[in-house]
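> Shown below is the structure under consideration.
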Amino acid sequence: MAKGNMERAASGETFVFRRPTIGVLTPVAALGAAFIILLTASPLLNLFVAALAAGSRGLSSLLSGSVPTLLAKTLLLATLATLWALLLGVPPAWILTRTDLPGRRLFRVLGLLPLAIPPYIGALTYITLLGPVGPVNKAYQAMGGSGQLVNIYGLWGGVLVLGLFTYPYILLLAGSALESSNPAMEEAARAAGHGPMGIFVRVTLPLLRPSLLAGSLLVFLYALSDFAAVSFLRVTTFTTEIYHQLNTRFDQRGAAALSAVLVLLTLLVLVAQRKSLGRRSFVQRRSGAKPPTVYPLGRWKVPALICTYLVLGGSVFLPIALLLYQAGSAATIFQTLASGHRYLWNSLWTAAVAATVATVLALFVAYLIDRRKGPVGLLLTAATQLGYAIPGTVLGLSLILLYNTYVPWIYGTAAMVVLGYLLRYLPQAVQGSAAALSQVDPNLEEAARGLGRSGWQALREVTIPLIRPGMTAGWMLVFISSIKELAATLLLRPAGFDTLPVRIWIATIEVDFAVAASTSLILIVTTALPLFLIKRLDSGISQLD
Amino acid sequence: MTEVIRLEGVSKRYGGGGIVATREISLVVGKGEIVVLLGPSGCGKTTTLRLIAGFEAPDGGSIEIGGRIVANERIFVPPERRGVGMVFQDYALFPHLTARENVAFGLHNWNAERRRKRIEEALDLVGLSELEGRYPYELSGGQQQRVALARALAPSPQVVLLDEPFSNLDADMRAQMRQDVHRILHQAGTTAIFVTHDQEEAFMIADRVGVLNQGRLEQIDQPDVIYHTPATRFVARFVGSADFIPGIVQGEGIVTELGTFPNQQGLCLGQAVEVMIRPDDVELVADLAGEATVVTRHFRGSDNLYCVRLPSGRTVHSSQGSTKIVESGARIAVKTDPTHVVCFYEDEPTQ
């Protein structure tokens with residue numbers, strides 16, 4: 001693809017950088033870019049304005065009061081959850097890609113399942129198991145113990161649950177890095193006299209560092225932004241405090257000030273993440289490359305199996321078993337579905353509309369970024385990445401502040417919910433399209449132009465068919481994320497507009513665990529289906545190479 | 001000869017004008033002619049091709065295709081309306097279409113019957129009728145190359161542009177493809193402009209070769225003319241190897257330490273020049289009293305390349321038969337009798 005250019009650059013000759021001067025219409029592109037930047041950046045800008053409007057008085061009261069403690073607590077939670085997720089994710093990643101563990105293909109699919117279980121559902125199941133009246137504490141008391149053996153509420157509960165339901169990020173990234181690593185490196189270490197253990201510590205692990213860092217930052221960002229799981233587990237973090245300020249104290253400015261601090265914090269992490277990713281070179285697997293070495297487990301087979309089962313058990317089997325137990329019977333689930341089909345429908349259509357709009361915008365953004373390097377592309381990239389930096393609570397708040405003031409007729413309609421999903425998860429769609437587009441040689445469009453197609457025809461007949469798998473994957477990612485979103489939905493929904501997560505939230509508050517559990521099961525099934533479809537698309541894409 | 005392509009003073013700059021890709025290139029290509037643009041990396045040859053195809057717009061000058069202006073200061077005809085076929089360096093086959101569908105891609109406005117016939121013709125021409133159902137990734141590099149050529153030829157374009165089409169092929173495959181492409185282009189009677197940095201390739205395929213250097217077209221002529229009478233030192237060096245030895249125009253000829261050569265270019269008396277000497281024009285004669293010394297010998301399979309030091313300390317190269325071995329350090333006499341005597345002025349900067 002870029003081989004010719006690389007050769008030219010490598011030969012040390014004058015390197016003439018070429019970009020097609022013919023492309024999408026510039027005025028249309030500029031207008032579209034301006035619209036997207038306005039759409040994505042305005043809520044956040046407005047939030048900062050509102051936070052500043054709280055004035056020095058508000059700010060100083062915040063700083064002297066709860067903010068430093070809140071900051072410390074939130075950071076501690078995120079750090080511990082990340083370490084826990086690393087501990088849970090790295091060993092299975094290695095075992096499932098580099099050993100002859102029986103059934104490792106099935107395990108790798110199952111290992112993704114926790115992504116279909118939102119952490120707040122995970123929190124629910126662990127509250128059932130380890131709560132004050134849960135079977136563990138009851139058994140302890142029955143055996144003569146006094147008080148509680150374990151207390152699920154608080155920091156440690158939060159760490160336990162967040163780690164258990166975010167480790168797949170690490171499993172996925174480390175797993176794919178391990179899979180595509182060049183066996184020659186390990187063979188070189190072997191030739192230099194290192195055993196399997198030495199190779200792992202001195203070669204494999206250092207090579208994994210970029211993907212581990214990327215995975216850790218994802219988990220860290222998730223922990224910072226999580227609202228529902230930590231509220232169920234009664235951990236006070238920025239997000240719960242913002243919600244509290246807004247919903248019980250009706251203090252929009254205080255909430256805005258807190259949100260501003262949280263956004264700055266996430267932006268900081270995000271910048272660190274971009275830097276760590278930016279330095280990573282894109283290693284493309286060549287078709288002729290040898291697959292990585294697979295180590296026979298021998299007598300370690302049983303410990304490896306136990307390790308894998310423990311991780312999967314804690315994050316998949318146990319929660320689902322508990323949910324089934326809580327739901328009671330299949331009849332309860334069907335009853336919930338029948339009486340609550342409205343909520344399922346609300347979830348489905350809002351998520352589908354958000355995913356579709358996001359995919360269309362993402363195609364435009366990705367195309368512009370890929371084919372037109374320059375300040376507009378950079379600005380657009382930054383603007384569409386903002387969603388990553390905005391936790392659902394903050395996004396909800398900033399959209400309320402902005403739209404309530406300037407476009408009140410949208411406020412209070414379901415369109416607000418869709419807009420919230422769109423802004424929060426647009427980055428995933430952009431990434432899907434951009435990654436697919438970067439694999440498409442710009443020459444292909446030129447070839448189509450040379451064969452009598454206009455720019456738009458070339459896009460429609462050549463580029464879009466080629467990036468369709470990436471676009472579809474992006475659509476499904478946005479769909480899954482949107483359908484699980486609770487915090488933003490809670491703040492943005494019109495009165496009485498309930499989605500599945502909102503029902504779970506309400507049922508939990510009303511201590512109706514049977515309904516919460518059966519709604520959770522319905523939600524898990526709805527998200528698991530597209531998740532497996534993505535996985536299949538992925539393998540389809542790698543077959544295309 | 002009907003003109004198909006005419007470039008007049010075509011210039012192109014990149015990076016806000018800082019990098020000059022082509023400088024006032026003028027070029028005329030006749031119908032059925034194969035012109036090869038030859039030059040090192042970054043000389044502007046690919047840019048010239050992209051300007052003709054319409055993937056770039058020139059900053060100055062005009063481009064005509066088939067007597068119609070397609071680009072000047074006011075006009076810019078987009079690539080899809082230029083009737084130009086292009087074969088890319090990496091083939092740029094559409095990976096989601098079969099070989100047949102790739103070939104059919106440029107025939108979307110043809111009626112079904114004509115299209116079917118044309119596809120068969122194009123596939124036949126490149127000898128790939130058997131493999132029409134395959135996807136690009138199921139084809140070898142050479143086969144992909146043929147599909148790309150068939151796709152470019154199918155709409156019967158006025159001119160086919162080929163951008164280093166063989167650079168991604170193995171050496172033996174490349175030799176085969178050169179012959180095939182040459183045959184296919186001639187058989188189709190197509191006008192073609194071909195870009196390469198490989199002079200052997202250029203000589204094999206071209207009716208005329210244009211040598212580019214730093215965006216400038218230094219010379220365009222038949223391959224043998226380019227080789228024997230290069231217009232500039234750059235061309236002399238880039239097309240084959242050459243040594244330059246100083247001489248002075250005296251009486252009937254040019255006097256150098258290798259003897260007196262005829263003054264074929266009609267240079268003025270007393271003019272100081274440098275004469276181009278090609279290794280194949282230099283003969284080594286075993287002579288113990290010879291004034292020259294063999295410095296090195298490189299065996300190159302089909303010949304031996306000797307580096308010989310002259311009494312002045314200057315060195316020249318000589319190509320000798322594969323079996324003619326003279327040891328390093330041997331005394332030897334140097335004879336040279338070039339058919340074409342090419343001189344350059346001494347003060348002309350060497351590049």
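Ordering of the structure tokens sets the chain letters (A, B, ...); residue numbers start at 1 within each chain; ligands are numbered from 1 in the order shown.
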Using only C-alpha atoms, which protein or nucleic acid residues come within 9 Å of Val28 in chain B? Drop anything in the same chain fewer than 6 positions from it, and give the result as a PyMOL selection string.
chain B and resi 3-8
> Need to verify the contact set: Tyr421 in chain A, 8 Å, only C-alpha atoms, exclusion of same-chain residues closer than 4 positions in sequence. Can you return it as a list in words?
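What passes the distance filter is Ala351, Ala354, Val417, Tyr425, Leu426, Val478, Ser482, Glu485 and Ala488 of chain A.
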> Taking only C-alpha atoms into account, name the residue in B:Gln214, B:Thr260, B:Gln187, B:Thr323 that is nearest to chain A.
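Closest to chain A, using only C-alpha atoms: B:Gln214.
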> Which is closest to Arg13 in chain B among B:Gly215, B:Gly32, B:Gly141, B:Pro279, if we use only C-alpha atoms?
B:Gly215
> Which is closer to chain A than all the others in B:Phe244, B:Phe76, B:Tyr135, B:Phe94, using only C-alpha atoms?
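That would be B:Phe94, the residue with the smallest distance to chain A.
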> Extract, using only C-alpha atoms, all DNA, RNA and protein residues at most 12 Å from Ile65 in chain B, discarding same-chain residues fewer than 5 positions from it, and format them as a list of chain:residue names.
B:Thr2, B:Glu3, B:Val4, B:Ile5, B:Arg6, B:Leu7, B:Glu8, B:Leu27, B:Val28, B:Val29, B:Gly30, B:Lys31, B:Leu51, B:Ile52, B:Ala53, B:Gly54, B:Val70, B:Ala71, B:Val77, B:Pro79, B:Arg81, B:Arg82, B:Gly83, B:Val84, B:Pro157, B:Gln158, B:Val159, B:Val160, B:Thr191
> Taking into account only C-alpha atoms, which residue in the set B:Val225, B:Leu161, B:Ile184, B:Ile193 is nearest to chain A?
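Using only C-alpha atoms, the shortest distance to chain A belongs to B:Leu161.
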